[in-house]
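Trainee: Just target-v6.pdb, nothing more (PDB, C-alpha atoms):
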ATOM      1  CA  MET A 347     -90.104-107.534 176.650
ATOM      2  CA  ARG A 348     -93.796-106.873 176.110
ATOM      3  CA  VAL A 349     -96.169-109.222 177.872
ATOM      4  CA  GLY A 350     -99.873-109.417 177.135
ATOM      5  CA  PHE A 351    -102.147-107.437 174.819
ATOM      6  CA  ASN A 352    -102.787-103.714 175.131
ATOM      7  CA  PRO A 353    -106.563-103.469 175.747
ATOM      8  CA  TYR A 354    -106.779-100.138 173.856
ATOM      9  CA  LYS A 355    -105.376-101.480 170.591
ATOM     10  CA  ASP A 356    -107.787-100.995 167.654
ATOM     11  CA  GLU A 357    -110.370 -99.413 169.937
ATOM     12  CA  LYS A 358    -112.060 -96.420 168.309
ATOM     13  CA  LEU A 359    -112.400 -93.158 170.190
ATOM     14  CA  ALA A 360    -115.886 -92.309 171.377
ATOM     15  CA  GLN A 361    -117.542 -89.328 169.732
ATOM     16  CA  THR A 362    -116.810 -86.204 171.750
ATOM     17  CA  GLU A 363    -119.524 -84.842 174.021
ATOM     18  CA  TYR A 364    -118.136 -81.302 173.651
ATOM     19  CA  ASN A 365    -119.167 -78.821 170.971
ATOM     20  CA  HIS A 366    -117.016 -75.793 171.802
ATOM     21  CA  GLN A 367    -113.289 -75.745 172.493
ATOM     22  CA  ILE A 368    -111.528 -72.727 174.013
ATOM     23  CA  ILE A 369    -107.756 -72.505 173.552
ATOM     24  CA  ILE A 370    -105.664 -70.021 175.534
ATOM     25  CA  PRO A 371    -101.896 -69.902 174.998
ATOM     26  CA  VAL A 372    -100.062 -68.239 177.888
ATOM     27  CA  CYS A 373     -96.486 -67.002 178.027
ATOM     28  CA  ILE A 374     -95.454 -65.396 181.332
ATOM     29  CA  PRO A 375     -91.710 -66.128 181.586
ATOM     30  CA  ASN A 376     -91.224 -64.109 184.790
ATOM     31  CA  LYS A 377     -92.989 -61.652 187.107
ATOM     32  CA  GLU A 378     -90.916 -58.584 186.337
ATOM     33  CA  GLY A 379     -91.252 -55.515 184.117
ATOM     34  CA  TYR A 380     -93.824 -56.062 181.364
ATOM     35  CA  PHE A 381     -94.989 -59.309 183.032
ATOM     36  CA  LYS A 382     -95.197 -57.972 186.603
ATOM     37  CA  GLU A 383     -99.012 -58.277 186.847
ATOM     38  CA  SER A 384     -99.613 -60.750 184.034
ATOM     39  CA  LEU A 385    -100.324 -63.751 186.275
ATOM     40  CA  LYS A 386    -102.917 -61.777 188.237
ATOM     41  CA  ILE A 387    -104.595 -60.776 184.983
ATOM     42  CA  PHE A 388    -104.380 -64.305 183.593
ATOM     43  CA  LYS A 389    -106.154 -65.672 186.666
ATOM     44  CA  ILE A 390    -108.977 -63.191 186.091
ATOM     45  CA  CYS A 391    -109.084 -64.257 182.438
ATOM     46  CA  VAL A 392    -109.453 -67.925 183.373
ATOM     47  CA  GLN A 393    -112.063 -67.313 186.049
ATOM     48  CA  SER A 394    -114.141 -65.094 183.759
ATOM     49  CA  LEU A 395    -114.031 -67.891 181.189
ATOM     50  CA  LEU A 396    -115.127 -70.544 183.681
ATOM     51  CA  ASN A 397    -117.947 -68.249 184.813
ATOM     52  CA  THR A 398    -119.363 -67.830 181.307
ATOM     53  CA  ILE A 399    -119.158 -71.189 179.488
ATOM     54  CA  HIS A 400    -121.683 -73.999 179.233
ATOM     55  CA  SER A 401    -121.110 -77.610 180.268
ATOM     56  CA  LYS A 402    -120.213 -78.810 176.754
ATOM     57  CA  SER A 403    -117.154 -76.544 176.618
ATOM     58  CA  PHE A 404    -113.660 -78.040 176.442
ATOM     59  CA  VAL A 405    -110.944 -75.776 177.854
ATOM     60  CA  THR A 406    -107.367 -76.136 176.600
ATOM     61  CA  ILE A 407    -104.518 -74.059 178.008
ATOM     62  CA  VAL A 408    -101.078 -74.162 176.424
ATOM     63  CA  ASN A 409     -98.250 -73.106 178.704
ATOM     64  CA  ASN A 410     -95.866 -71.508 176.230
ATOM     65  CA  GLY A 411     -92.697 -71.218 178.310
ATOM     66  CA  SER A 412     -94.092 -69.692 181.503
ATOM     67  CA  CYS A 413     -92.392 -69.469 184.897
ATOM     68  CA  PHE A 414     -92.852 -71.873 187.835
ATOM     69  CA  GLU A 415     -95.655 -69.870 189.503
ATOM     70  CA  VAL A 416     -97.754 -70.066 186.331
ATOM     71  CA  ILE A 417     -97.015 -73.779 185.909
ATOM     72  CA  GLU A 418     -98.079 -74.425 189.501
ATOM     73  CA  TYR A 419    -101.357 -72.535 188.970
ATOM     74  CA  LEU A 420    -102.094 -74.386 185.721
ATOM     75  CA  ASN A 421    -101.382 -77.788 187.233
ATOM     76  CA  THR A 422    -103.829 -76.980 190.016
ATOM     77  CA  LEU A 423    -106.513 -76.069 187.477
ATOM     78  CA  LEU A 424    -106.052 -79.416 185.766
ATOM     79  CA  THR A 425    -105.937 -81.387 189.017
ATOM     80  CA  GLU A 426    -109.162 -79.737 190.174
ATOM     81  CA  LYS A 427    -110.722 -80.494 186.768
ATOM     82  CA  LYS A 428    -111.484 -76.866 186.067
ATOM     83  CA  ILE A 429    -109.837 -77.241 182.670
ATOM     84  CA  HIS A 430    -109.735 -80.291 180.406
ATOM     85  CA  GLU A 431    -106.376 -80.138 178.683
ATOM     86  CA  LEU A 432    -103.016 -78.656 179.682
ATOM     87  CA  ILE A 433    -100.032 -78.630 177.360
ATOM     88  CA  HIS A 434     -96.595 -77.607 178.630
ATOM     89  CA  THR A 435     -93.975 -76.488 176.133
ATOM     90  CA  ASP A 436     -90.982 -74.214 175.778
ATOM     91  CA  ASN A 437     -91.663 -70.841 174.139
ATOM     92  CA  VAL A 438     -92.458 -72.013 170.623
ATOM     93  CA  GLY A 439     -94.370 -68.888 169.640
ATOM     94  CA  LYS A 440     -98.008 -67.952 170.174
ATOM     95  CA  LEU A 441     -99.442 -69.475 166.997
ATOM     96  CA  ASN A 442     -97.401 -72.669 167.248
ATOM     97  CA  ALA A 443     -98.739 -73.017 170.790
ATOM     98  CA  VAL A 444    -102.283 -72.593 169.445
ATOM     99  CA  LEU A 445    -101.648 -75.274 166.833
ATOM    100  CA  LYS A 446    -100.736 -77.718 169.614
ATOM    101  CA  GLY A 447    -104.137 -77.071 171.171
ATOM    102  CA  VAL A 448    -106.033 -77.433 167.896
ATOM    103  CA  VAL A 449    -104.710 -80.871 166.924
ATOM    104  CA  GLY A 450    -105.969 -84.005 168.627
ATOM    105  CA  ASN A 451    -109.524 -82.717 169.008
ATOM    106  CA  GLU A 452    -112.598 -82.745 166.788
ATOM    107  CA  ILE A 453    -114.889 -80.084 168.267
ATOM    108  CA  GLU A 454    -117.064 -78.045 165.917
ATOM    109  CA  LEU A 455    -116.275 -74.548 167.258
ATOM    110  CA  VAL A 456    -112.827 -73.406 168.381
ATOM    111  CA  THR A 457    -112.300 -70.155 170.267
ATOM    112  CA  ILE A 458    -108.733 -68.854 170.378
ATOM    113  CA  ALA A 459    -108.115 -66.204 173.022
ATOM    114  CA  ASP A 460    -105.204 -64.259 174.443
ATOM    115  CA  ALA A 461    -104.359 -64.658 178.128
ATOM    116  CA  ASP A 462    -105.646 -61.165 178.931
ATOM    117  CA  VAL A 463    -109.237 -61.540 177.738
ATOM    118  CA  PHE A 464    -112.067 -60.858 180.180
ATOM    119  CA  PHE A 465    -115.049 -62.931 179.024
ATOM    120  CA  LEU A 466    -118.536 -61.529 179.605
ATOM    121  CA  ASN A 467    -121.882 -63.271 179.997
ATOM    122  CA  ASP A 468    -123.570 -64.615 176.835
ATOM    123  CA  TRP A 469    -120.456 -64.507 174.657
ATOM    124  CA  GLN A 470    -120.906 -68.141 173.593
ATOM    125  CA  SER A 471    -124.595 -67.892 172.733
ATOM    126  CA  GLU A 472    -124.104 -64.658 170.789
ATOM    127  CA  THR A 473    -121.276 -66.249 168.820
ATOM    128  CA  VAL A 474    -123.504 -69.171 167.865
ATOM    129  CA  LYS A 475    -126.317 -66.785 166.884
ATOM    130  CA  VAL A 476    -124.007 -65.112 164.379
ATOM    131  CA  TYR A 477    -123.107 -68.506 162.905
ATOM    132  CA  ASN A 478    -126.740 -69.607 162.751
ATOM    133  CA  ASN A 479    -127.864 -66.414 161.034
ATOM    134  CA  PHE A 480    -124.932 -66.285 158.629
ATOM    135  CA  PRO A 481    -123.891 -69.734 157.341
ATOM    136  CA  LYS A 482    -120.994 -68.082 155.476
ATOM    137  CA  ALA A 483    -119.415 -66.895 158.720
ATOM    138  CA  GLY A 484    -116.029 -68.551 159.210
ATOM    139  CA  VAL A 485    -114.705 -66.652 162.201
ATOM    140  CA  VAL A 486    -116.697 -64.626 164.729
ATOM    141  CA  GLY A 487    -115.218 -62.091 167.121
ATOM    142  CA  ILE A 488    -116.956 -60.839 170.250
ATOM    143  CA  VAL A 489    -115.273 -57.432 170.612
ATOM    144  CA  PRO A 490    -116.228 -54.722 168.070
ATOM    145  CA  GLN A 491    -113.259 -52.600 167.006
ATOM    146  CA  PHE A 492    -112.763 -49.462 164.952
ATOM    147  CA  ARG A 493    -113.480 -50.063 161.252
ATOM    148  CA  ASN A 494    -113.476 -53.859 161.495
ATOM    149  CA  PHE A 495    -114.292 -54.090 157.795
ATOM    150  CA  SER A 496    -110.941 -52.611 156.724
ATOM    151  CA  HIS A 497    -109.002 -55.850 157.304
ATOM    152  CA  LEU A 498    -109.461 -58.965 155.139
ATOM    153  CA  CYS A 499    -113.141 -58.451 154.349
ATOM    154  CA  GLY A 500    -112.999 -58.302 150.551
ATOM    155  CA  ASN A 501    -115.271 -61.287 149.984
ATOM    156  CA  ILE A 502    -118.151 -60.202 152.233
ATOM    157  CA  ILE A 503    -118.123 -56.636 150.873
ATOM    158  CA  PHE A 504    -117.835 -57.827 147.251
ATOM    159  CA  GLU A 505    -120.724 -60.259 147.621
ATOM    160  CA  ASN A 506    -122.997 -57.677 149.282
ATOM    161  CA  PHE A 507    -121.811 -54.438 147.678
ATOM    162  CA  PHE A 508    -125.256 -53.486 146.361
ATOM    163  CA  SER A 509    -127.326 -55.303 148.984
ATOM    164  CA  ASN A 510    -129.419 -53.159 151.325
ATOM    165  CA  LYS A 511    -128.580 -55.677 154.066
ATOM    166  CA  LEU A 512    -125.029 -54.300 154.191
ATOM    167  CA  LYS A 513    -125.033 -50.809 155.680
ATOM    168  CA  PHE A 514    -123.667 -48.486 158.315
ATOM    169  CA  THR A 515    -125.662 -48.633 161.537
ATOM    170  CA  PRO A 516    -125.247 -46.898 164.910
ATOM    171  CA  VAL A 517    -122.673 -48.458 167.253
ATOM    172  CA  LYS A 518    -124.563 -50.450 169.864
ATOM    173  CA  ASN A 519    -122.049 -50.071 172.699
ATOM    174  CA  PRO A 520    -119.804 -47.005 172.197
ATOM    175  CA  GLU A 521    -118.484 -47.157 175.774
ATOM    176  CA  ALA A 522    -117.084 -50.669 175.248
ATOM    177  CA  LEU A 523    -115.649 -49.642 171.886
ATOM    178  CA  ASP A 524    -113.823 -46.724 173.479
ATOM    179  CA  LYS A 525    -112.702 -48.982 176.327
ATOM    180  CA  PHE A 526    -111.089 -51.381 173.875
ATOM    181  CA  ASN A 527    -109.230 -48.580 172.141
ATOM    182  CA  SER A 528    -107.950 -47.320 175.509
ATOM    183  CA  SER A 529    -106.704 -50.816 176.367
ATOM    184  CA  ILE A 530    -104.391 -50.948 173.360
ATOM    185  CA  CYS A 531    -103.565 -47.278 172.840
ATOM    186  CA  ASP A 532    -103.310 -44.532 175.440
ATOM    187  CA  ASN A 533    -104.487 -41.955 172.930
ATOM    188  CA  ASP A 534    -107.886 -40.288 172.689
ATOM    189  CA  ASN A 535    -106.991 -38.551 169.437
ATOM    190  CA  TYR A 536    -109.068 -40.617 167.010
ATOM    191  CA  ASN A 537    -111.991 -39.991 164.698
ATOM    192  CA  LYS A 538    -115.056 -39.960 166.957
ATOM    193  CA  ALA A 539    -117.201 -41.093 164.025
ATOM    194  CA  TYR A 540    -115.785 -44.558 164.752
ATOM    195  CA  LEU A 541    -117.826 -44.491 167.972
ATOM    196  CA  ARG A 542    -120.985 -43.715 166.044
ATOM    197  CA  TRP A 543    -121.019 -46.036 163.041
ATOM    198  CA  ASN A 544    -120.246 -49.689 162.290
ATOM    199  CA  LEU A 545    -120.533 -51.482 158.968
ATOM    200  CA  THR A 546    -123.020 -54.279 159.639
ATOM    201  CA  ILE A 547    -124.890 -56.924 157.704
ATOM    202  CA  GLU A 548    -128.432 -57.938 158.563
ATOM    203  CA  LYS A 549    -130.581 -61.020 158.303
ATOM    204  CA  ASP A 550    -134.178 -61.012 159.569
ATOM    205  CA  ALA A 551    -133.465 -58.039 161.880
ATOM    206  CA  PHE A 552    -130.363 -59.741 163.321
ATOM    207  CA  GLN A 553    -127.215 -57.691 162.784
ATOM    208  CA  ALA A 554    -123.535 -58.581 162.905
ATOM    209  CA  ILE A 555    -120.481 -56.428 162.254
ATOM    210  CA  VAL A 556    -118.383 -56.967 159.145
ATOM    211  CA  GLY A 557    -114.839 -58.048 160.052
ATOM    212  CA  SER A 558    -113.151 -59.496 163.122
ATOM    213  CA  GLY A 559    -110.145 -58.961 165.337
ATOM    214  CA  HIS A 560    -108.025 -61.899 166.453
ATOM    215  CA  PHE A 561    -107.217 -61.470 170.149
ATOM    216  CA  VAL A 562    -110.399 -63.429 170.855
ATOM    217  CA  ALA A 563    -112.391 -65.097 168.077
ATOM    218  CA  THR A 564    -114.237 -68.329 167.332
ATOM    219  CA  TYR A 565    -113.483 -70.430 164.259
ATOM    220  CA  LYS A 566    -115.320 -73.242 162.538
ATOM    221  CA  ARG A 567    -113.379 -76.482 162.985
ATOM    222  CA  ALA A 568    -113.465 -77.097 159.227
ATOM    223  CA  LEU A 569    -111.014 -74.217 158.751
ATOM    224  CA  PHE A 570    -108.318 -76.336 160.392
ATOM    225  CA  SER A 571    -108.604 -79.305 158.052
ATOM    226  CA  HIS A 572    -105.240 -78.462 156.455
ATOM    227  CA  LEU A 573    -102.839 -76.590 158.720
ATOM    228  CA  LYS A 574     -99.224 -75.622 158.633
ATOM    229  CA  THR A 575     -97.291 -77.438 161.319
ATOM    230  CA  TYR A 576     -94.906 -74.602 162.107
ATOM    231  CA  LEU A 577     -94.900 -70.785 161.962
ATOM    232  CA  SER A 578     -91.608 -68.937 162.246
ATOM    233  CA  PHE A 579     -92.535 -66.001 164.530
ATOM    234  CA  LYS A 580     -92.893 -66.027 168.327
ATOM    235  CA  LEU A 581     -95.446 -63.212 168.025
ATOM    236  CA  GLY A 582     -96.691 -61.087 165.144
ATOM    237  CA  GLY A 583     -94.963 -61.239 161.774
ATOM    238  CA  ASP A 584     -97.014 -63.233 159.261
ATOM    239  CA  SER A 585     -98.176 -65.744 161.881
ATOM    240  CA  GLU A 586    -101.376 -63.976 162.936
ATOM    241  CA  ARG A 587    -102.295 -63.169 159.331
ATOM    242  CA  TYR A 588    -102.127 -66.906 158.640
ATOM    243  CA  PHE A 589    -105.059 -67.552 160.971
ATOM    244  CA  ASP A 590    -106.838 -64.374 159.818
ATOM    245  CA  GLU A 591    -106.855 -65.577 156.210
ATOM    246  CA  LEU A 592    -108.141 -69.099 156.891
ATOM    247  CA  PRO A 593    -111.828 -68.132 156.362
ATOM    248  CA  LEU A 594    -111.039 -66.396 153.066
ATOM    249  CA  LYS A 595    -109.398 -69.548 151.713
ATOM    250  CA  LYS A 596    -112.722 -71.332 152.273
ATOM    251  CA  GLY A 597    -114.813 -68.475 150.875
ATOM    252  CA  LEU A 598    -116.134 -67.642 154.354
ATOM    253  CA  TRP A 599    -116.665 -64.312 156.108
ATOM    254  CA  ARG A 600    -114.989 -62.595 159.060
ATOM    255  CA  MET A 601    -117.646 -61.204 161.429
ATOM    256  CA  THR A 602    -118.169 -59.823 164.949
ATOM    257  CA  SER A 603    -121.133 -59.717 167.310
ATOM    258  CA  ASN A 604    -122.961 -56.388 167.178
ATOM    259  CA  ASP A 605    -122.593 -55.880 170.926
ATOM    260  CA  ASN A 606    -119.471 -56.281 173.080
ATOM    261  CA  TYR A 607    -118.965 -59.582 174.961
ATOM    262  CA  ALA A 608    -115.376 -59.369 176.241
ATOM    263  CA  TYR A 609    -112.781 -56.862 177.417
ATOM    264  CA  HIS A 610    -109.100 -56.626 176.627
ATOM    265  CA  MET A 611    -107.207 -56.202 179.919
ATOM    266  CA  GLY A 612    -103.616 -55.751 178.752
ATOM    267  CA  ASN A 613    -100.733 -56.230 181.180
ATOM    268  CA  ASN A 614    -101.672 -53.624 183.778
ATOM    269  CA  PHE A 615    -104.133 -54.578 186.529
ATOM    270  CA  GLU A 616    -106.997 -52.143 187.216
ATOM    271  CA  GLU A 617    -109.575 -52.351 189.997
ATOM    272  CA  TRP A 618    -112.538 -52.620 187.606
ATOM    273  CA  MET A 619    -111.292 -56.052 186.531
ATOM    274  CA  GLN A 620    -111.648 -57.641 189.953
ATOM    275  CA  GLU A 621    -114.837 -55.714 190.704
ATOM    276  CA  THR A 622    -116.464 -56.921 187.469
ATOM    277  CA  LEU A 623    -115.369 -60.497 188.153
ATOM    278  CA  ASP A 624    -116.733 -60.396 191.700
ATOM    279  CA  GLY A 625    -120.058 -59.108 190.389
ATOM    280  CA  MET A 626    -120.561 -61.953 187.923
ATOM    281  CA  PRO A 627    -123.394 -64.390 188.718
ATOM    282  CA  ALA A 628    -122.784 -68.085 189.378
ATOM    283  CA  ASN A 629    -122.262 -70.170 186.252
ATOM    284  CA  ASP A 630    -125.650 -71.227 184.883
ATOM    285  CA  VAL A 631    -125.020 -70.882 181.161
ATOM    286  CA  LYS A 632    -127.618 -72.181 178.746
ATOM    287  CA  GLN A 633    -126.366 -73.673 175.511
ATOM    288  CA  GLU A 634    -127.240 -72.275 172.068
ATOM    289  CA  PHE A 635    -127.054 -75.068 169.491
ATOM    290  CA  LEU A 636    -125.200 -74.665 166.214
ATOM    291  CA  LEU A 637    -127.238 -75.471 163.120
ATOM    292  CA  THR A 638    -125.841 -77.936 160.583
ATOM    293  CA  TYR A 639    -124.749 -76.599 157.204
ATOM    294  CA  PRO A 640    -123.282 -78.146 154.034
ATOM    295  CA  GLU A 641    -119.635 -79.169 153.987
ATOM    296  CA  ILE A 642    -117.172 -76.298 153.678
ATOM    297  CA  LYS A 643    -114.972 -76.426 150.590
ATOM    298  CA  ASN A 644    -111.951 -74.442 149.456
ATOM    299  CA  SER A 645    -112.599 -71.283 147.480
ATOM    300  CA  SER A 646    -111.287 -71.419 143.918
ATOM    301  CA  LYS A 647    -108.058 -69.512 143.262
ATOM    302  CA  ILE A 648    -109.846 -67.235 140.787
ATOM    303  CA  ASP A 649    -112.680 -66.457 143.215
ATOM    304  CA  TYR A 650    -110.193 -65.791 146.017
ATOM    305  CA  PHE A 651    -108.077 -63.498 143.826
ATOM    306  CA  ILE A 652    -111.018 -61.475 142.498
ATOM    307  CA  LYS A 653    -112.667 -60.874 145.871
ATOM    308  CA  ASN A 654    -109.670 -60.548 148.190
ATOM    309  CA  ARG A 655    -106.985 -59.073 145.964
ATOM    310  CA  LEU A 656    -108.316 -57.369 142.835
ATOM    311  CA  PHE A 657    -111.512 -56.023 144.387
ATOM    312  CA  ILE A 658    -109.705 -54.692 147.463
ATOM    313  CA  LYS A 659    -107.298 -52.715 145.256
ATOM    314  CA  LEU A 660    -110.288 -51.040 143.642
ATOM    315  CA  PHE A 661    -112.167 -50.648 146.911
ATOM    316  CA  ASN A 662    -109.243 -48.803 148.500
ATOM    317  CA  LYS A 663    -109.368 -46.043 145.888
ATOM    318  CA  LYS A 664    -110.808 -42.927 147.532
ATOM    319  CA  ARG A 665    -113.508 -42.329 144.959
ATOM    320  CA  ILE A 666    -114.891 -45.858 145.168
ATOM    321  CA  ARG A 667    -114.619 -45.964 148.961
ATOM    322  CA  ARG A 668    -116.539 -42.686 149.283
ATOM    323  CA  PHE A 669    -119.207 -43.950 146.883
ATOM    324  CA  PHE A 670    -119.528 -47.080 149.014
ATOM    325  CA  TYR A 671    -119.846 -45.010 152.208
ATOM    326  CA  LYS A 672    -122.567 -42.929 150.576
ATOM    327  CA  ILE A 673    -124.733 -45.808 149.339
ATOM    328  CA  LYS A 674    -124.316 -47.628 152.655
ATOM    329  CA  GLY A 675    -125.776 -44.793 154.690
ATOM    330  CA  LEU A 676    -122.802 -43.063 156.275
ATOM    331  CA  PRO A 677    -123.815 -39.427 156.964
ATOM    332  CA  LYS A 678    -122.610 -37.068 154.250
ATOM    333  CA  HIS A 679    -120.565 -34.884 156.623
ATOM    334  CA  GLU A 680    -118.557 -37.924 157.816
ATOM    335  CA  ILE A 681    -117.796 -39.566 154.485
ATOM    336  CA  ASN A 682    -114.511 -37.756 153.773
ATOM    337  CA  SER A 683    -112.978 -38.380 157.184
ATOM    338  CA  TYR A 684    -114.214 -41.896 158.050
TER     339      TYR A 684
END
Represent the structure contained in this file as structure tokens.
Mentor:
Amino acid sequence: MRVGFNPYKDEKLAQTEYNHQIIIPVCIPNKEGYFKESLKIFKICVQSLLNTIHSKSFVTIVNNGSCFEVIEYLNTLLTEKKIHELIHTDNVGKLNAVLKGVVGNEIELVTIADADVFFLNDWQSETVKVYNNFPKAGVVGIVPQFRNFSHLCGNIIFENFFSNKLKFTPVKNPEALDKFNSSICDNDNYNKAYLRWNLTIEKDAFQAIVGSGHFVATYKRALFSHLKTYLSFKLGGDSERYFDELPLKKGLWRMTSNDNYAYHMGNNFEEWMQETLDGMPANDVKQEFLLTYPEIKNSSKIDYFIKNRLFIKLFNKKRIRRFFYKIKGLPKHEINSY
């Protein structure tokens, strides 16, 4: 029998004080084989995050079927108020775990990161700078990768095909770019022109790279206004493409900061990780404020089809691609192989 009146009934939630949510799903089912050093790396990931975020950041971690040692560590983080939200679940898949972190919050920027990301100083402020300079940005990565523009960037290339703001410019941090490639592929046999040139877009001398990866990226909250409630893959499949395409459905662009602001650690601990973490200064992160822009609406089906389907078919033809490389400033001797 219920007695009395629940004091929270009909009480509206207060407007959130946070303006940036970071969601990290973690799945470390054991400490053997592939996962032998994953907890050690995850702890570095979390500490690097805490070292580099401002006070209006809301940290959500989703335990996606991890072992007891990971659960114990996460519970301690929550108890000590180092993180704001902890969700425990069975292994429901990476993207389904992310969805659990997205719902129930209304924070204007949402960063989704893997559990092996090493966050570097200024990653938040640089992300906001990209958004403030490019109102059409829908997702912003912080780790430049080889030929970012080659994946789901039809709309930004179509809309700026003949603009002198879109052009190939020298890679700002080739060492970090090579480091990322080494973290995912133990193979140095790649086109070294990728270390020299990025496709960038410019506004008032501020440059950002065309395209974005998805192991760490920041999305506008408006992209999540209509979400699927379930994705059928634990990892990979069409699940990651679902998030990758969200900006295109709204007519927005996929972009990356021109410099590198995070590392991918993988599942194998290396001494540089701890050394870099130990050398980080105490957390005194200043906040960069996001400008307000008009409401984001869905792209029309015709617009979406022309820019992201029809145009890309044409753009992928060698003759057109080489013409594009030429007018965008790629050196003549590198056009055929890039």
Trainee: In Å, rounded to a single decimal, give me how far atom CA of Glu591 of chain A is from atom CA of Pro371 of chain A.
Mentor: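 Computed distance, atom CA of Pro371 of chain A to atom CA of Glu591 of chain A, equals 19.9 Å.
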Trainee: List, as a ChimeraX atom specification, every residue that the PyMOL selection byres ((chain A and resi 596) around 12) selects in the file provided.
Mentor: /A:482-485,501,566-572,590-595,597-600,641-647,649-650,654
Trainee: List every protein, DNA or RNA residue that has an atom no more than 9 Å from (-118.9, -64.3, 169.1) in the file's coordinate frame, counting only C-alpha atoms, and report them as a PDB file with C-alpha atoms, in the coordinates of the input.
Mentor:
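Output contents, as saved in selection.pdb:
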ATOM      1  CA  THR A 457    -112.300 -70.155 170.267  1.00  0.00           C
ATOM      2  CA  TRP A 469    -120.456 -64.507 174.657  1.00  0.00           C
ATOM      3  CA  GLN A 470    -120.906 -68.141 173.593  1.00  0.00           C
ATOM      4  CA  SER A 471    -124.595 -67.892 172.733  1.00  0.00           C
ATOM      5  CA  GLU A 472    -124.104 -64.658 170.789  1.00  0.00           C
ATOM      6  CA  THR A 473    -121.276 -66.249 168.820  1.00  0.00           C
ATOM      7  CA  VAL A 474    -123.504 -69.171 167.865  1.00  0.00           C
ATOM      8  CA  LYS A 475    -126.317 -66.785 166.884  1.00  0.00           C
ATOM      9  CA  VAL A 476    -124.007 -65.112 164.379  1.00  0.00           C
ATOM     10  CA  TYR A 477    -123.107 -68.506 162.905  1.00  0.00           C
ATOM     11  CA  VAL A 485    -114.705 -66.652 162.201  1.00  0.00           C
ATOM     12  CA  VAL A 486    -116.697 -64.626 164.729  1.00  0.00           C
ATOM     13  CA  GLY A 487    -115.218 -62.091 167.121  1.00  0.00           C
ATOM     14  CA  ILE A 488    -116.956 -60.839 170.250  1.00  0.00           C
ATOM     15  CA  VAL A 489    -115.273 -57.432 170.612  1.00  0.00           C
ATOM     16  CA  VAL A 562    -110.399 -63.429 170.855  1.00  0.00           C
ATOM     17  CA  ALA A 563    -112.391 -65.097 168.077  1.00  0.00           C
ATOM     18  CA  THR A 564    -114.237 -68.329 167.332  1.00  0.00           C
ATOM     19  CA  MET A 601    -117.646 -61.204 161.429  1.00  0.00           C
ATOM     20  CA  THR A 602    -118.169 -59.823 164.949  1.00  0.00           C
ATOM     21  CA  SER A 603    -121.133 -59.717 167.310  1.00  0.00           C
ATOM     22  CA  ASN A 606    -119.471 -56.281 173.080  1.00  0.00           C
ATOM     23  CA  TYR A 607    -118.965 -59.582 174.961  1.00  0.00           C
TER      24      TYR A 607
END
Trainee: Just the residues within 10 Å of His497 of chain A, please, counting all atoms listed in the file, with nothing from its chain fewer than 3 positions along; format it as a list in words.
Mentor: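 In the requested format, the answer is Arg493, Asn494, Gly500, Val556, Gly557, Ser558, Gly559, Asp590, Arg600 and Ile658 of chain A.
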Trainee: For segment 404-501 of chain A against segment 531-549 of chain A, with a cut-off of 10 Å and counting all atoms listed in the file, what is the closest atom pair and its distance in Å to one decimal for every residue that makes the cut, ordered by chain and number, as JSON lines?
Mentor:
{"residue": "A:Val476", "atom": "CA", "partner": "A:Lys549", "partner_atom": "CA", "distance": 9.8}
{"residue": "A:Asn479", "atom": "CA", "partner": "A:Lys549", "partner_atom": "CA", "distance": 6.6}
{"residue": "A:Phe480", "atom": "CA", "partner": "A:Lys549", "partner_atom": "CA", "distance": 7.7}
{"residue": "A:Pro490", "atom": "CA", "partner": "A:Asn544", "partner_atom": "CA", "distance": 8.7}
{"residue": "A:Gln491", "atom": "CA", "partner": "A:Tyr540", "partner_atom": "CA", "distance": 8.7}
{"residue": "A:Phe492", "atom": "CA", "partner": "A:Tyr540", "partner_atom": "CA", "distance": 5.8}
{"residue": "A:Arg493", "atom": "CA", "partner": "A:Asn544", "partner_atom": "CA", "distance": 6.9}
{"residue": "A:Asn494", "atom": "CA", "partner": "A:Leu545", "partner_atom": "CA", "distance": 7.9}
{"residue": "A:Phe495", "atom": "CA", "partner": "A:Leu545", "partner_atom": "CA", "distance": 6.9}
{"residue": "A:Ser496", "atom": "CA", "partner": "A:Leu545", "partner_atom": "CA", "distance": 9.9}
Trainee: Quick one: which residues end up in the PyMOL selection byres ((chain A and resi 392) around 10) for this structure, as a PDB file with C-alpha atoms, in the frame of the given file?
Mentor:
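What landed in part-v6.pdb:
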ATOM      1  CA  ILE A 370    -105.664 -70.021 175.534  1.00  0.00           C
ATOM      2  CA  ILE A 387    -104.595 -60.776 184.983  1.00  0.00           C
ATOM      3  CA  PHE A 388    -104.380 -64.305 183.593  1.00  0.00           C
ATOM      4  CA  LYS A 389    -106.154 -65.672 186.666  1.00  0.00           C
ATOM      5  CA  ILE A 390    -108.977 -63.191 186.091  1.00  0.00           C
ATOM      6  CA  CYS A 391    -109.084 -64.257 182.438  1.00  0.00           C
ATOM      7  CA  GLN A 393    -112.063 -67.313 186.049  1.00  0.00           C
ATOM      8  CA  SER A 394    -114.141 -65.094 183.759  1.00  0.00           C
ATOM      9  CA  LEU A 395    -114.031 -67.891 181.189  1.00  0.00           C
ATOM     10  CA  LEU A 396    -115.127 -70.544 183.681  1.00  0.00           C
ATOM     11  CA  ASN A 397    -117.947 -68.249 184.813  1.00  0.00           C
ATOM     12  CA  VAL A 405    -110.944 -75.776 177.854  1.00  0.00           C
ATOM     13  CA  ILE A 407    -104.518 -74.059 178.008  1.00  0.00           C
ATOM     14  CA  LEU A 423    -106.513 -76.069 187.477  1.00  0.00           C
ATOM     15  CA  LYS A 428    -111.484 -76.866 186.067  1.00  0.00           C
ATOM     16  CA  ILE A 429    -109.837 -77.241 182.670  1.00  0.00           C
ATOM     17  CA  ALA A 461    -104.359 -64.658 178.128  1.00  0.00           C
ATOM     18  CA  ASP A 462    -105.646 -61.165 178.931  1.00  0.00           C
ATOM     19  CA  VAL A 463    -109.237 -61.540 177.738  1.00  0.00           C
ATOM     20  CA  PHE A 464    -112.067 -60.858 180.180  1.00  0.00           C
ATOM     21  CA  PHE A 465    -115.049 -62.931 179.024  1.00  0.00           C
TER      22      PHE A 465
END
